[in-house]
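Student: Handing over target_5.txt, compact mmCIF, C-alpha atoms.
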```txt
# COMPACT_ATOMS: atom_id res chain seq x y z
CA MET A 1 100.53 101.94 70.95
CA LYS A 2 99.82 100.67 74.45
CA ARG A 3 97.76 103.75 75.12
CA ALA A 4 95.80 103.18 71.92
CA LEU A 5 95.15 99.59 72.87
CA LEU A 6 93.93 100.64 76.30
CA THR A 7 91.71 103.40 74.89
CA GLY A 8 90.39 101.07 72.20
CA THR A 9 89.61 98.32 74.68
CA VAL A 10 87.81 100.60 77.10
CA THR A 11 85.85 102.33 74.35
CA GLY A 12 85.14 98.98 72.73
CA ILE A 13 83.72 97.58 75.96
CA VAL A 14 81.60 100.70 76.45
CA ALA A 15 80.39 100.39 72.83
CA LEU A 16 79.65 96.69 73.34
CA ILE A 17 77.58 97.30 76.44
CA ALA A 18 75.80 100.33 75.00
CA SER A 19 74.96 98.68 71.70
CA GLY A 20 73.92 95.46 73.45
CA VAL A 21 71.54 97.26 75.78
CA ALA A 22 70.20 99.48 72.99
CA SER A 23 69.56 96.64 70.58
CA PHE A 24 68.00 94.47 73.28
CA TRP A 25 65.64 97.29 74.24
CA LEU A 26 64.79 98.07 70.63
CA VAL A 27 64.03 94.45 69.71
CA SER A 28 62.08 93.94 72.93
CA GLN A 29 59.95 96.96 72.14
CA LEU A 30 59.33 95.74 68.62
CA ILE A 31 58.29 92.25 69.64
CA ALA A 32 56.14 93.58 72.46
CA LEU A 33 53.88 95.22 69.90
CA PRO A 34 50.41 93.66 69.89
CA VAL A 35 50.33 90.61 67.68
CA ALA A 36 47.57 91.53 65.29
CA PRO A 37 45.45 89.08 63.31
CA ARG A 38 47.12 88.03 60.08
CA THR A 39 46.13 86.35 56.87
CA CYS A 40 45.65 82.62 57.40
CA PRO A 41 48.18 80.35 55.67
CA SER A 42 45.35 78.86 53.65
CA GLY A 43 44.33 82.30 52.34
CA GLY A 44 40.65 83.20 52.24
CA ALA A 45 38.81 86.02 53.93
CA GLU A 46 39.32 84.79 57.51
CA ARG A 47 42.18 86.15 59.53
CA CYS A 48 44.19 84.03 61.93
CA PHE A 49 45.72 84.75 65.31
CA GLY A 50 49.14 86.36 65.10
CA SER A 51 50.92 84.16 67.60
CA VAL A 52 48.61 81.31 68.62
CA VAL A 53 48.76 77.88 67.03
CA VAL A 54 46.55 74.86 67.72
CA ASP A 55 49.13 73.16 69.95
CA ASP A 56 49.37 76.23 72.21
CA VAL A 57 45.82 75.46 73.26
CA VAL A 58 45.35 71.72 72.83
CA LYS A 59 48.54 70.58 74.60
CA PRO A 60 47.88 72.40 77.91
CA LEU A 61 44.24 71.31 77.84
CA ARG A 62 45.16 67.67 77.26
CA ALA A 63 47.70 67.91 80.08
CA ARG A 64 44.81 68.93 82.34
CA GLY A 65 42.69 65.97 81.34
CA PHE A 66 40.47 67.57 78.70
CA VAL A 67 39.47 65.07 76.03
CA CYS A 68 40.13 66.56 72.60
CA ASN A 69 38.99 65.32 69.20
CA ASP A 70 40.41 66.23 65.80
CA PHE A 71 38.26 69.29 65.08
CA PRO A 72 39.63 70.20 67.66
CA THR A 73 37.04 70.37 70.41
CA CYS A 74 38.14 69.69 73.99
CA ASP A 75 35.75 68.70 76.79
CA LEU A 76 36.07 68.30 80.50
CA SER A 77 33.44 67.50 83.07
CA ALA A 78 34.87 67.83 86.57
CA GLY A 79 32.75 68.03 89.68
CA GLY A 80 30.27 70.88 89.62
CA GLY A 81 31.47 72.24 86.28
CA ALA A 82 31.53 71.27 82.61
CA TYR A 83 33.77 72.94 80.04
CA ARG A 84 34.17 72.93 76.28
CA VAL A 85 36.82 74.61 74.13
CA HIS A 86 36.32 74.69 70.39
CA LEU A 87 38.93 75.89 67.90
CA VAL A 88 38.42 76.82 64.27
CA SER A 89 41.77 76.17 62.65
CA ALA A 90 43.44 76.46 59.28
CA GLY A 91 46.28 73.98 59.45
CA ASP A 92 48.23 74.90 62.57
CA ALA A 93 46.87 78.44 62.63
CA VAL A 94 43.76 79.40 64.58
CA SER A 95 41.12 81.75 63.18
CA SER A 96 38.73 81.66 66.14
CA TYR A 97 37.92 79.84 69.33
CA SER A 98 35.15 79.61 71.86
CA VAL A 99 35.15 78.58 75.52
CA GLU A 100 31.97 77.43 77.23
CA ALA A 101 31.38 76.64 80.87
CA ARG A 102 28.34 75.22 82.63
CA PHE A 103 27.77 75.53 86.34
CA ASP A 104 25.10 75.82 88.99
CA GLN A 105 23.28 79.07 88.26
CA ALA A 106 22.45 79.59 91.92
CA LEU A 107 26.10 79.36 92.96
CA GLY A 108 27.56 81.24 89.99
CA PRO A 109 30.67 80.40 87.99
CA SER A 110 33.52 78.85 89.95
CA GLN A 111 36.97 80.43 90.11
CA ARG A 112 38.07 77.56 87.85
CA ALA A 113 35.57 78.59 85.17
CA LEU A 114 36.58 82.24 85.40
CA ASP A 115 40.26 81.31 85.19
CA LEU A 116 39.61 79.30 82.03
CA LEU A 117 37.86 82.29 80.47
CA SER A 118 40.60 84.58 81.66
CA TRP A 119 43.29 82.47 80.01
CA PHE A 120 41.50 82.46 76.67
CA ALA A 121 40.83 86.19 76.90
CA ALA A 122 44.57 86.87 77.23
CA LEU A 123 45.76 84.20 74.79
CA PRO A 124 46.25 86.41 71.69
CA PHE A 125 48.48 88.82 73.60
CA GLY A 126 51.23 86.68 75.05
CA HIS A 127 53.85 89.27 74.16
CA ASP A 128 51.87 92.27 75.27
CA PRO A 129 51.06 91.95 78.98
CA ALA A 130 49.23 95.27 79.14
CA THR A 131 46.74 94.33 76.42
CA ALA A 132 46.46 90.80 77.83
CA SER A 133 45.53 92.25 81.19
CA ALA A 134 43.00 94.63 79.62
CA ALA A 135 41.37 91.77 77.67
CA ARG A 136 41.21 89.66 80.83
CA SER A 137 39.65 92.43 82.89
CA TRP A 138 37.04 93.27 80.26
CA THR A 139 36.03 89.61 79.85
CA LEU A 140 35.74 88.94 83.58
CA ARG A 141 33.76 92.15 84.08
CA GLN A 142 31.16 91.02 81.54
CA ALA A 143 31.06 87.48 82.92
CA ARG A 144 30.54 88.66 86.50
CA ALA A 145 27.91 91.15 85.41
CA ARG A 146 26.14 88.28 83.59
CA VAL A 147 25.62 90.29 80.41
CA TYR A 148 26.10 89.84 76.69
CA ALA A 149 28.88 92.04 75.33
CA LEU A 150 30.98 92.60 72.23
CA ALA A 151 34.34 94.32 71.88
CA THR A 152 37.24 94.64 69.51
CA ILE A 153 40.63 94.43 71.19
CA ASN A 154 43.63 95.15 68.97
CA GLY A 155 41.86 93.77 65.93
CA TYR A 156 40.40 90.69 67.63
CA GLY A 157 36.64 90.34 68.02
CA TYR A 158 35.50 89.41 71.53
CA GLU A 159 32.05 88.15 72.44
CA VAL A 160 30.96 87.25 75.96
CA GLU A 161 27.65 85.54 76.70
CA GLY A 162 27.10 85.74 80.41
CA ARG A 163 23.30 85.84 80.64
CA GLY A 164 22.92 82.12 81.12
CA ASP A 165 21.26 81.86 77.73
CA GLN A 166 21.73 78.26 76.60
CA ALA A 167 20.45 78.64 73.06
CA GLY A 168 22.84 77.32 70.48
CA SER A 169 25.14 75.63 72.96
CA SER A 170 26.38 72.16 72.19
CA LEU A 171 27.67 71.66 75.71
CA LEU A 172 25.43 69.25 77.61
CA ASP A 173 23.80 70.74 80.67
CA CYS A 174 23.39 67.42 82.50
CA LEU A 175 24.81 67.17 85.98
CA PRO A 176 27.03 64.06 85.93
CA GLY A 177 25.76 61.30 88.16
CA SER A 178 22.18 62.51 88.09
CA ASP A 179 21.32 60.69 84.85
CA CYS A 180 20.39 64.12 83.60
CA THR A 181 17.58 64.65 86.09
CA VAL A 182 19.56 67.63 87.40
CA THR A 183 20.85 70.22 84.95
CA PHE A 184 23.34 73.06 85.06
CA HIS A 185 21.50 76.26 84.23
CA GLY A 186 24.52 78.49 84.59
CA TYR A 187 26.27 79.18 81.30
CA LEU A 188 29.20 81.31 80.17
CA ARG A 189 30.78 81.62 76.75
CA LEU A 190 33.71 83.58 75.41
CA SER A 191 34.34 83.68 71.66
CA VAL A 192 37.37 85.33 70.12
CA HIS A 193 38.01 85.65 66.40
CA GLY A 194 40.61 87.23 64.17
CA GLY A 195 37.97 88.84 61.97
CA SER A 196 37.95 88.91 58.20
CA ARG A 197 39.57 91.04 55.53
CA MET B 1 120.16 122.79 58.91
CA GLU B 2 116.62 124.07 58.60
CA PRO B 3 114.28 123.93 61.50
CA GLY B 4 112.43 120.73 61.48
CA ALA B 5 115.04 118.99 59.40
CA ALA B 6 115.96 116.94 62.44
CA ALA B 7 112.34 115.82 62.71
CA GLY B 8 112.28 114.79 59.09
CA PRO B 9 113.00 111.13 59.53
CA GLY B 10 110.64 110.91 62.59
CA ALA B 11 107.59 112.59 61.07
CA PRO B 12 106.29 109.62 59.02
CA THR B 13 106.83 107.37 62.04
CA ILE B 14 104.60 109.55 64.21
CA GLY B 15 101.97 109.69 61.46
CA ARG B 16 101.97 105.93 61.06
CA ARG B 17 101.75 105.48 64.83
CA THR B 18 98.80 107.84 65.05
CA LEU B 19 97.10 106.12 62.17
CA SER B 20 97.63 102.63 63.54
CA SER B 21 96.51 103.75 67.01
CA ALA B 22 93.34 105.20 65.51
CA LEU B 23 92.77 101.98 63.57
CA VAL B 24 93.22 99.90 66.72
CA VAL B 25 90.73 102.07 68.64
CA LEU B 26 88.29 102.09 65.72
CA SER B 27 88.45 98.35 65.17
CA LEU B 28 87.95 97.62 68.87
CA VAL B 29 84.96 100.00 69.01
CA THR B 30 83.51 98.46 65.84
CA TYR B 31 84.04 95.01 67.29
CA GLY B 32 82.29 96.10 70.48
CA LEU B 33 79.37 97.58 68.56
CA VAL B 34 78.91 94.53 66.35
CA VAL B 35 79.22 91.99 69.16
CA GLY B 36 77.00 94.08 71.45
CA THR B 37 74.28 94.50 68.83
CA VAL B 38 74.29 90.83 67.86
CA GLY B 39 74.26 89.83 71.54
CA GLY B 40 71.39 92.20 72.34
CA VAL B 41 69.26 91.06 69.40
CA VAL B 42 69.87 87.38 70.08
CA THR B 43 69.11 87.76 73.79
CA ALA B 44 65.92 89.72 73.09
CA ARG B 45 64.70 87.18 70.58
CA LEU B 46 65.51 84.23 72.80
CA THR B 47 63.67 85.76 75.72
CA GLY B 48 60.52 86.91 73.99
CA TYR B 49 60.25 86.48 70.26
CA PRO B 50 56.82 85.48 68.93
CA GLY B 51 56.76 81.74 68.67
CA SER B 52 58.04 81.30 72.20
CA PRO B 53 55.31 80.05 74.59
CA VAL B 54 52.19 82.21 74.52
CA VAL B 55 50.17 82.97 77.64
CA ALA B 56 50.32 79.82 79.74
CA PRO B 57 47.20 78.71 81.57
CA ALA B 58 47.14 79.53 85.26
CA ASP B 59 47.24 76.69 87.75
CA ASP B 60 43.59 77.30 88.54
CA VAL B 61 42.38 76.39 85.05
CA PRO B 62 40.10 73.35 85.44
CA ARG B 63 41.73 69.93 85.42
CA ALA B 64 40.38 66.39 85.52
CA SER B 65 41.70 65.81 89.04
CA ASP B 66 39.26 68.47 90.31
CA GLY B 67 36.51 65.97 89.66
CA VAL B 68 37.46 63.34 92.24
CA PHE B 69 36.86 63.30 95.97
CA LYS B 70 40.22 63.57 97.69
CA GLY B 71 40.99 60.30 99.42
CA VAL B 72 37.61 58.71 98.76
CA THR B 73 37.61 55.56 96.68
CA GLY B 74 34.61 53.78 95.25
CA LEU B 75 35.77 50.65 97.01
CA GLY B 76 35.82 52.43 100.37
CA ILE B 77 32.25 53.69 99.95
CA GLU B 78 31.08 50.30 98.74
CA ARG B 79 32.68 48.62 101.73
CA THR B 80 30.87 50.97 104.11
CA LEU B 81 27.56 50.41 102.33
CA THR B 82 27.96 46.64 102.24
CA LYS B 83 28.63 46.62 105.98
CA ALA B 84 25.40 48.59 106.39
CA GLY B 85 23.46 45.91 104.50
CA TYR B 86 23.50 47.27 100.95
CA SER B 87 24.19 45.09 97.95
CA CYS B 88 26.20 46.57 95.10
CA GLU B 89 26.53 45.83 91.40
CA ALA B 90 27.72 47.52 88.21
CA ALA B 91 25.30 50.28 87.27
CA GLY B 92 23.80 49.55 83.89
CA ALA B 93 21.89 52.40 82.33
CA SER B 94 23.86 55.50 83.08
CA ILE B 95 24.61 58.32 80.70
CA ALA B 96 27.84 58.98 82.52
CA PRO B 97 30.71 57.76 80.31
CA ARG B 98 32.41 56.06 83.23
CA PRO B 99 31.95 52.92 85.28
CA SER B 100 29.49 53.29 88.13
CA ARG B 101 28.38 51.12 91.03
CA LEU B 102 24.77 50.89 92.10
CA CYS B 103 24.13 49.96 95.71
CA ARG B 104 20.65 49.12 96.94
CA ASP B 105 19.20 48.83 100.38
CA GLY B 106 16.97 45.78 100.12
CA ARG B 107 15.90 45.83 103.77
CA THR B 108 13.20 48.47 103.39
CA ALA B 109 10.20 46.98 101.62
CA ASP B 110 8.25 50.22 101.36
CA TYR B 111 11.05 52.26 99.82
CA ASP B 112 13.32 51.97 96.82
CA ILE B 113 16.59 53.27 98.23
CA SER B 114 19.77 53.35 96.17
CA LEU B 115 23.15 54.98 95.91
CA THR B 116 25.07 55.40 92.67
CA VAL B 117 28.82 55.85 92.98
CA ALA B 118 30.38 57.19 89.77
CA LEU B 119 34.01 56.18 89.41
CA ARG B 120 37.03 57.16 87.43
CA ALA B 121 39.03 54.45 85.70
CA ASP B 122 41.47 54.41 88.64
CA GLY B 123 38.67 53.69 91.11
CA MET B 124 38.46 57.17 92.63
CA ALA B 125 34.90 58.35 93.23
CA THR B 126 33.67 61.30 91.19
CA SER B 127 30.09 61.59 92.41
CA LEU B 128 27.64 60.07 94.80
CA THR B 129 23.91 60.13 94.11
CA GLY B 130 21.36 58.99 96.66
CA ARG B 131 17.80 58.25 95.57
CA CYS B 132 14.74 57.34 97.61
CA ARG B 133 11.22 56.57 96.42
CA PRO B 134 8.23 55.27 98.39
CA THR B 135 6.93 52.09 96.76
CA SER B 136 3.83 51.40 98.82
CA SER B 137 0.73 53.44 99.47
CA THR B 138 1.47 53.55 103.18
CA ALA B 139 5.00 54.92 102.78
CA THR B 140 5.52 58.69 102.68
CA LEU B 141 8.30 60.83 101.29
CA ASP B 142 9.22 61.88 104.82
CA GLY B 143 10.41 58.34 105.39
CA CYS B 144 13.29 59.13 103.02
CA SER B 145 14.56 61.98 105.19
CA ALA B 146 16.91 59.93 107.33
CA PHE B 147 18.49 58.24 104.32
CA ILE B 148 18.96 61.48 102.33
CA GLY B 149 20.41 63.19 105.39
CA SER B 150 22.92 60.40 105.90
CA VAL B 151 24.37 60.35 102.39
CA PRO B 152 27.02 63.13 102.85
CA GLY B 153 28.43 61.19 105.81
CA LEU B 154 29.85 58.61 103.40
CA LEU B 155 32.35 61.20 102.20
CA TYR B 156 33.74 61.96 105.66
CA SER B 157 34.28 58.55 107.14
CA THR B 158 37.14 59.80 109.31
CA ASN B 159 35.86 63.22 110.33
CA ALA B 160 32.54 63.35 112.16
CA THR B 161 32.63 67.12 112.66
CA ARG B 162 32.96 67.84 108.97
CA ALA B 163 30.31 65.23 108.21
CA ARG B 164 27.84 66.86 110.59
CA ALA B 165 27.75 70.20 108.75
CA ALA B 166 26.93 68.51 105.46
CA GLN B 167 24.42 66.12 107.02
CA ASP B 168 22.70 69.02 108.80
CA TRP B 169 22.36 70.85 105.51
CA ALA B 170 20.93 67.74 103.82
CA THR B 171 18.44 67.19 106.62
CA GLN B 172 17.36 70.83 106.81
CA ASN B 173 16.91 71.12 103.05
CA PHE B 174 15.27 67.74 102.57
CA GLY B 175 12.69 67.94 99.80
CA ALA B 176 13.80 71.34 98.48
CA ASP B 177 15.29 72.10 95.08
CA THR B 178 18.53 73.68 96.20
CA SER B 179 22.30 73.39 96.16
CA THR B 180 25.33 74.45 98.16
CA VAL B 181 29.06 73.97 98.59
CA ILE B 182 30.30 72.74 101.97
CA ASP B 183 33.97 72.10 102.59
CA GLY B 184 34.80 71.84 98.89
CA ILE B 185 31.94 69.47 98.10
CA TYR B 186 29.02 70.49 95.93
CA TYR B 187 25.62 69.21 97.05
CA VAL B 188 22.43 69.27 95.02
CA MET B 189 19.09 68.39 96.55
CA GLN B 190 16.08 67.75 94.35
CA LEU B 191 12.50 66.83 95.13
CA GLU B 192 11.20 65.38 91.88
CA PRO B 193 12.59 62.78 91.64
CA LEU B 194 13.89 62.87 95.19
CA LEU B 195 17.66 62.70 95.17
CA ILE B 196 20.84 64.14 96.56
CA VAL B 197 23.98 64.48 94.42
CA CYS B 198 27.40 65.02 95.97
CA MET B 199 30.49 65.86 93.94
CA PRO B 200 33.71 67.86 94.26
CA ALA B 201 32.93 71.55 93.89
CA ALA B 202 35.73 72.13 91.32
```
Here is a file; write its structure as structure tokens.
Tutor:
Amino acid sequence: MKRALLTGTVTGIVALIASGVASFWLVSQLIALPVAPRTCPSGGAERCFGSVVVDDVVKPLRARGFVCNDFPTCDLSAGGGAYRVHLVSAGDAVSSYSVEARFDQALGPSQRALDLLSWFAALPFGHDPATASAARSWTLRQARARVYALATINGYGYEVEGRGDQAGSSLLDCLPGSDCTVTFHGYLRLSVHGGSR
Amino acid sequence: MEPGAAAGPGAPTIGRRTLSSALVVLSLVTYGLVVGTVGGVVTARLTGYPGSPVVAPADDVPRASDGVFKGVTGLGIERTLTKAGYSCEAAGASIAPRPSRLCRDGRTADYDISLTVALRADGMATSLTGRCRPTSSTATLDGCSAFIGSVPGLLYSTNATRARAAQDWATQNFGADTSTVIDGIYYVMQLEPLLIVCMPAA
């Protein structure tokens, strides 16, 4: 009986460790799968982000001093840069967002502006670092090349406007303090949407 | 007595022992498997299940504090300007959604010289705009050069070396439409109307 107890305990511990490691790995693999766009809670043709809710965006922006309204649209004008983030939401879920930055065209976008774009490029893929990194790289490549580009990354539609084209932008191009006699001609926009069914 | 008859009474005992030993081993292994699986799943979900924080913004994402000059208050600039003979008041018509101070140099009759200091609610300066305009037929734009060139110096009251680089740039580029970043400060020079804007580069 003692021998059985000893054998059972040892085998049980081995089984515990093996099954623990195996199930952890399996679940980790499953949840690391790209979070694809899903049907919005409100229904309709639009698809929402798999793992991003309004607060995931608005809270960190507010913490950084962006002023957000109820749409929600968040604005920040800080030094030689102006930024706007606009979300299209369905309740808590997000179906698309856009990030705009204005800057001095002659000096190019600041590291701050590129980091903001980079964050929003990676946002849908919080549980998939490889895809997040790919989305970041693609976005920054287009922004630095100052081109207009479209891409679909794991079901999400990406659009980068890097040509400095200001048409259709709601973000003021006035340089603060100049009473709008000096304007920011540099412009960058990243739009990401979950697509439609 | 037949062979094995002596073992007769012991045989069921051995069978029961074997069976109970097997049950003990089996139940301990089952227990291990169940506890291990539950533990693995729970740990995996707690450490990375969707709904846990998504990609967090990097520290370099823009923030409001990028927009203020480090260690430069509106009051400090105003004090320097007042000592130099300027008179300051609240700036009225400004599109900037923040309180501003307008300081004028009333000593130069032929020129309209002013400095606008944009402030945050806590009094920290967010931008400095110097303007100069000849107001008489005898005054020329060149007469504004010294003033425009001196404006960056207000941001480096304690460091003459750092001030010199910015002042040199302002003097050399006087009257051009250009911009630069020196020592973390963004400078814009414009000819029409003649002005210089200084703000944190962010």
Student: Which distance in Å separates CA of Thr18 in chain B and CA of Leu6 in chain A, to one decimal?
Tutor: 14.2 Å
Student: Pick from B:Ala176, B:Ala91, B:Val72, B:Ala118: nearest to chain A, with only C-alpha atoms counted?
Tutor: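 That would be B:Ala118, the residue with the smallest distance to chain A.
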Student: Rounded to one decimal, what separation in Å do you get between CA of Gly195 in chain A and CA of Val61 in chain B?
Tutor: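 Taking CA of Gly195 in chain A and CA of Val61 in chain B, their separation equals 26.6 Å.
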Student: Taking only C-alpha atoms into account, what are the residues of chain A at most 8 Å from chain B, put as JSON, numbers by chain?
Tutor: {"A": [1, 4, 5, 7, 8, 9, 11, 12, 13, 14, 15, 16, 17, 18, 19, 20, 21, 22, 23, 24, 25, 27, 28, 31, 51, 52, 56, 60, 64, 65, 66, 76, 77, 78, 79, 80, 81, 106, 107, 110, 111, 112, 113, 115, 116, 119, 122, 123, 124, 125, 126, 127, 176, 177, 178, 179, 180, 181, 182]}
Student: Just to confirm, what's the straight-line distance from CA of Asp112 in chain B to CA of Ala160 in chain B in Å (one decimal)?
Tutor: 27.1 Å
Student: Just want the 7 Å neighbourhood of Pro152 in chain B, counted on all atoms listed in the file, with same-chain residues fewer than 6 positions away dropped. Output as a list of chain:residue names.
Tutor: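 Residues meeting the cut-off are B:Ala163, B:Ala166, B:Gln167.
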Student: Show which residues sit within 9 Å of Ala90 in chain B, as a list in words. Count only C-alpha atoms, and ignore same-chain residues fewer than 6 positions away.
Tutor: Pro99, Ser100, Arg101, Leu102 and Cys103 of chain B
Student: So which residues touch Leu172 in chain A within 10 Å, counting all atoms listed in the file, skipping near sequence neighbours fewer than 2 positions away, as a short mmCIF file (atom, residue, chain, number, x, y, z; two decimals) with C-alpha atoms, in the frame of the given file?
Tutor:
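The resulting file, part_2.cif, is reproduced below:
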```cif
data_model
loop_
_atom_site.label_atom_id
_atom_site.label_comp_id
_atom_site.auth_asym_id
_atom_site.auth_seq_id
_atom_site.Cartn_x
_atom_site.Cartn_y
_atom_site.Cartn_z
CA SER A 77 33.44 67.50 83.07
CA ALA A 82 31.53 71.27 82.61
CA TYR A 83 33.77 72.94 80.04
CA ARG A 84 34.17 72.93 76.28
CA ARG A 102 28.34 75.22 82.63
CA GLN A 166 21.73 78.26 76.60
CA SER A 169 25.14 75.63 72.96
CA SER A 170 26.38 72.16 72.19
CA CYS A 174 23.39 67.42 82.50
CA LEU A 175 24.81 67.17 85.98
CA PRO A 176 27.03 64.06 85.93
CA CYS A 180 20.39 64.12 83.60
CA THR A 183 20.85 70.22 84.95
CA PHE A 184 23.34 73.06 85.06
#
```
Student: Looking at B:Ile113, B:Leu191, B:Leu19, B:Met124, which one is nearest to Gly71 in chain B, with distances taken over all atoms listed in the file?
Tutor: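 Going through B:Ile113, B:Leu191, B:Leu19, B:Met124 one by one, the smallest distance to Gly71 in chain B is for B:Met124.
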Student: Which residue, A:Phe120, A:Trp138, A:Tyr187, A:Tyr156, has the smallest gap to Phe103 in chain A when you use only C-alpha atoms?
Tutor: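 Once distances to Phe103 in chain A are computed over only C-alpha atoms, the minimum belongs to A:Tyr187.
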Student: Counting all atoms listed in the file, what is within 12 Å of Arg141 in chain A, bar same-chain residues fewer than 5 positions away, as a list in words?
Tutor: Leu114, Leu117, Ser118, Ala121, Ala134, Ala135, Arg136, Arg146, Val147, Tyr148, Ala149, Val160, Glu161 and Gly162 of chain A
Student: If we count all atoms listed in the file and set the cut-off at 9 Å, which residues sit around Cys144 in chain B, ignoring sequence neighbours fewer than 4 positions away in its own chain? Please answer as a ChimeraX atom specification.
Tutor: /B:111,113,131-134,140,148-149,174,194
Student: Pick out the closest residue to Ser89 in chain A from this set: A:Ala145, A:Leu190, A:Val53, A:Ala36. Count only C-alpha atoms.
Tutor: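 Looking at the shortest contact to Ser89 in chain A, the residue is A:Val53.
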